Amino acid sequence: MCGIAGFIDFKKRADADMLGRMTDVLAHRGPNDKGYEVLEHPKASVGLGQRRLSIQDLSALGHQPMHFEHLSLIFNGEIYNFKEIRADLEKLGYAFRSSSDTEVLIKGYHAWKEKVLDHCIGMFAFVLFDRREEKVILCRDRAGVKPLYYYWDGSTLLFGSELKSLCECPFFPKQIDVKSMSLFLQYSYIPGPYTIYADTRKLRPGHLLELPLNTAVPEEREYWNVLNAYRQPLTGLSEQDVLQHTEELMQSAYQYRMVADVPVGVFLSGGYDSASVAAMLQSGTSSRIKTFTIGYKEKQWDESAEARKIAEHLGTDHHEWIIGPEDARSVLEHLPEIYDEPFADNSTVPTTLVSKLASQHVKVALSADGGDEIFAGYHKFGQSLSYTSQLPRGVQTALSTMMGWVNPEVIPYFNKKYNFASRYEKMKLIWASGKPQEAMKYIAQYLTESEVARYTGKHLENYKTNFDLNGELSAVNDPLNRLLAVDYKTFLADNNLVKVDRATMSVSIEGREPMLDHRLVEFLAQVPASLKVKNNTNKYILKQIVHKYIPPALMDRPKRPFIAPLQEWFRDDLKEQMQYYLSPERLNKTGLFDAGQIQRLLQQYLSGGKVSHQKLWNILVFQLWYNRWIAKL
């Protein structure tokens with residue numbers, strides 16, 4: 001696990017000093033070793049930098065950049081099945097100096113070119129310089145567990161595991177992309193491939209970016225797409241066979257994620273996803289798996305007691321930390337550094353703190369992201385289907401039209417309900433579209449497009465994102481699976497995986513995602529909705545499997561999200577920070593908001609109004625980010 005950074009500079013302005021700065025700003029991702037080299041080509045300078053967190057082969061033989069014949073490689077991630085791939089390569093005559101997966105990857109590319117990716121079970125982002133073919137390749141894993149950003153201005157390509165690496169380059173312009181800002185305000189994160197900076201992109205999951213040095217024309221192309229799995233015919237297996245094969249794949253995926261030369265633990269929230277990881281791993285060993293939980297002093301948000309009972313039942317070595325607003329305050333000021341583009345998921349605080357807790361005991365922590373996407377756990381999936389099917393299409397259209405004639409703020413009784421105006425507008429848009437995937441898009445928004453226009457004082461056009469897939473979904477095998485595929489390509493990739501990667505790496509531990517093993521994802525993509533949601537039970541398959549390890553009485557309770565009680569904290573303990581950064585003076589310094597509109601929203605919230613705190617949280621996070629990365633407020 002590492003951080004990587006570098007450049008391909010056709011003007012040859014970049015040098016080794018700049019490469020060192022771009023790389024060393026990622027020291028938190030790799031405190032154990034560092035390496036940087038500038039390799040010259042007649043047309044361009046190629047800078048390759050890496051900071052190493054030693055997980056596999058702790059010796060100096062895993063040092064990067066790694067070279068083999070005409071290939072040079074920097075690599076961030078893990079190839080869990082590298083021993084099997086190594087054995088295949090040894091049969092082809094390859095010899096190995098180290099026991100690292102990096103050496104397996106570079107020699108696998110030498111043997112099979114890009115087809116090496118078909119052999120790999122893992123999470124990764126890497127950059128490879130092929131001097132024989134005179135090209136540089138950037139690559140990101142299928143799910144997007146590991147990040148990779150790049151900037152291209154026509155003559156220089158900058159890349160890095162985090163945007164802060166690009167900011168170390170003196171000719172990186174740091175120009176805010178206002179369309180991306182609009183997306184952030186709507187969703188609380190920026191859907192890929194966009195970033196907060198103009199001309200700067202996230203390399204999309206399952207994609208390669210190839211830059212030939214003789215033509216200087218980059219080409220991004222796909223090598224894996226979750227939609228292709230969902231386009232396969234639905235499986236004809238019986239329920240029992242589906243359960244058995246799913247459990248076998250989970251066992252394999254979870255065991256692979258235990259491969260390490262350092263201690264490994266598990267984040268345990270008390271829900272089915274993380275419980276499945278802890279249960280299966282603990283059942284397969286006589287030693288006690290380390291588990292980690294965050295709880296809250298506010299009891300209505302606290303799941304630590306449930307997690308503790310599960311840990312006691314399984315016999316894990318359990319650690320917990322009960323946090324309050326003072327702990328949140330200690331994290332809040334560091335969030336813009338950890339998440340170096342605006343990112344306002346409301347569980348960043350507990351995720352950062354549980355990572356800090358785990359870092360005192362282990363170097364690798366298994367998370368359980370992806371469970372809601374592949375097993376159909378979120379309520380928004382059912383809502384999206386029901387909102388667009390319960391009424392005839394003509395009735396939906398008529399209701400949407402009539403709703404456009406009425407201002408929700410003047411509707412008696414309902415206008416006093418929580419976040420009513422936003423919910424009213426969303427239903428108007430949902431009924432106007434009549435499409436479940438459009439419905440999920442609107443459900444996912446914290447601020448609608450019209451609210452963004454109100455709080456910024458201008459209409460900002462939106463980019464098309466994976467929320468806007470339409471024709472691409474036509475061949476997907478099941479209405480529910482269409483929604484799971486979209487969520488996999490949006491909320492999972494650009495919110496949940498970003499959250500865990502940055503939180504774990506901020507304290508120099510590796511976060512692993514066993515539920516995103518592509519073999520498990522591909523199989524479940526062919527399982528029909530009737531088994532994913534059965535007898536009004538979401539995650540039916542997963543629950544049936546988990547109940548083999550943990551009694552239903554310990555597990556069956558209402559689903560609670562892993563979020564911090566920000567709504568309470570910002571009205572009391574953290575109110576000063578909210579008022580400071582959302583003051584007219586600082587909003588005007590940013591120059592991107594209508595200060596009067598935001599002040600009215602803030603006062604309504606602080607006076608106890610039924611306002612969604614997430615709207616203010618999104619704006620606050622943007623202000624904190626601007627204060628750190630653009631100009632002091």
# chains A, B, ... in the order shown; residues from 1 in each chain; ligands from 1
$ select_by_dssp --residues "region 50-167 of chain A" --states "strand (DSSP E or B)" --output "PyMOL selection string"
chain A and resi 50-52+66-68+71-79+122-130+135-140+149-152+156-160
$ residues_around --residues "region 254-259 of chain A" --least-positions-apart "2" --cutoff "6 Å" --atoms "only C-alpha atoms" --output "number ranges by chain"
A: 80, 250-252, 514
$ write_last_selection --atoms "C-alpha atoms" --output "JSON list (two decimals), in the first residue's frame"
[["chain", "number", "residue", "atom", "x", "y", "z"],
["A", 80, "TYR", "CA", -4.08, -10.71, -3.15],
["A", 250, "MET", "CA", -17.34, -14.58, 0.39],
["A", 251, "GLN", "CA", -15.08, -17.01, 2.23],
["A", 252, "SER", "CA", -12.52, -16.84, -0.57],
["A", 514, "PRO", "CA", -13.45, -7.78, 0.81]]
$ select_by_dssp --residues "region 158-233 of chain A" --states "alpha helix (DSSP H)" --output "PyMOL selection string"
chain A and resi 163-167+178-187+226-230
$ closest_residue --among "A:Gln390, A:Glu438, A:Lys464, A:Pro173" --to "Tyr194 (chain A)" --atoms "only C-alpha atoms"
A:Lys464
$ residues_around --residues "region 126-143 of chain A" --least-positions-apart "6" --cutoff "7 Å" --atoms "only C-alpha atoms" --output "ChimeraX atom specification"
/A:70-76,203,205-213,224,493,516
$ atom_distance --atom1 "CA of Met440 (chain A)" --atom2 "CA of Phe343 (chain A)"
20.1 Å
$ closest_residue --among "A:Phe171, A:Trp431, A:Trp405, A:Trp321" --to "Ala307 (chain A)" --atoms "only C-alpha atoms"
A:Trp321
$ closest_residue --among "A:Thr352, A:Thr246, A:Ser283, A:Ser238" --to "Tyr549 (chain A)" --atoms "only C-alpha atoms"
A:Ser283
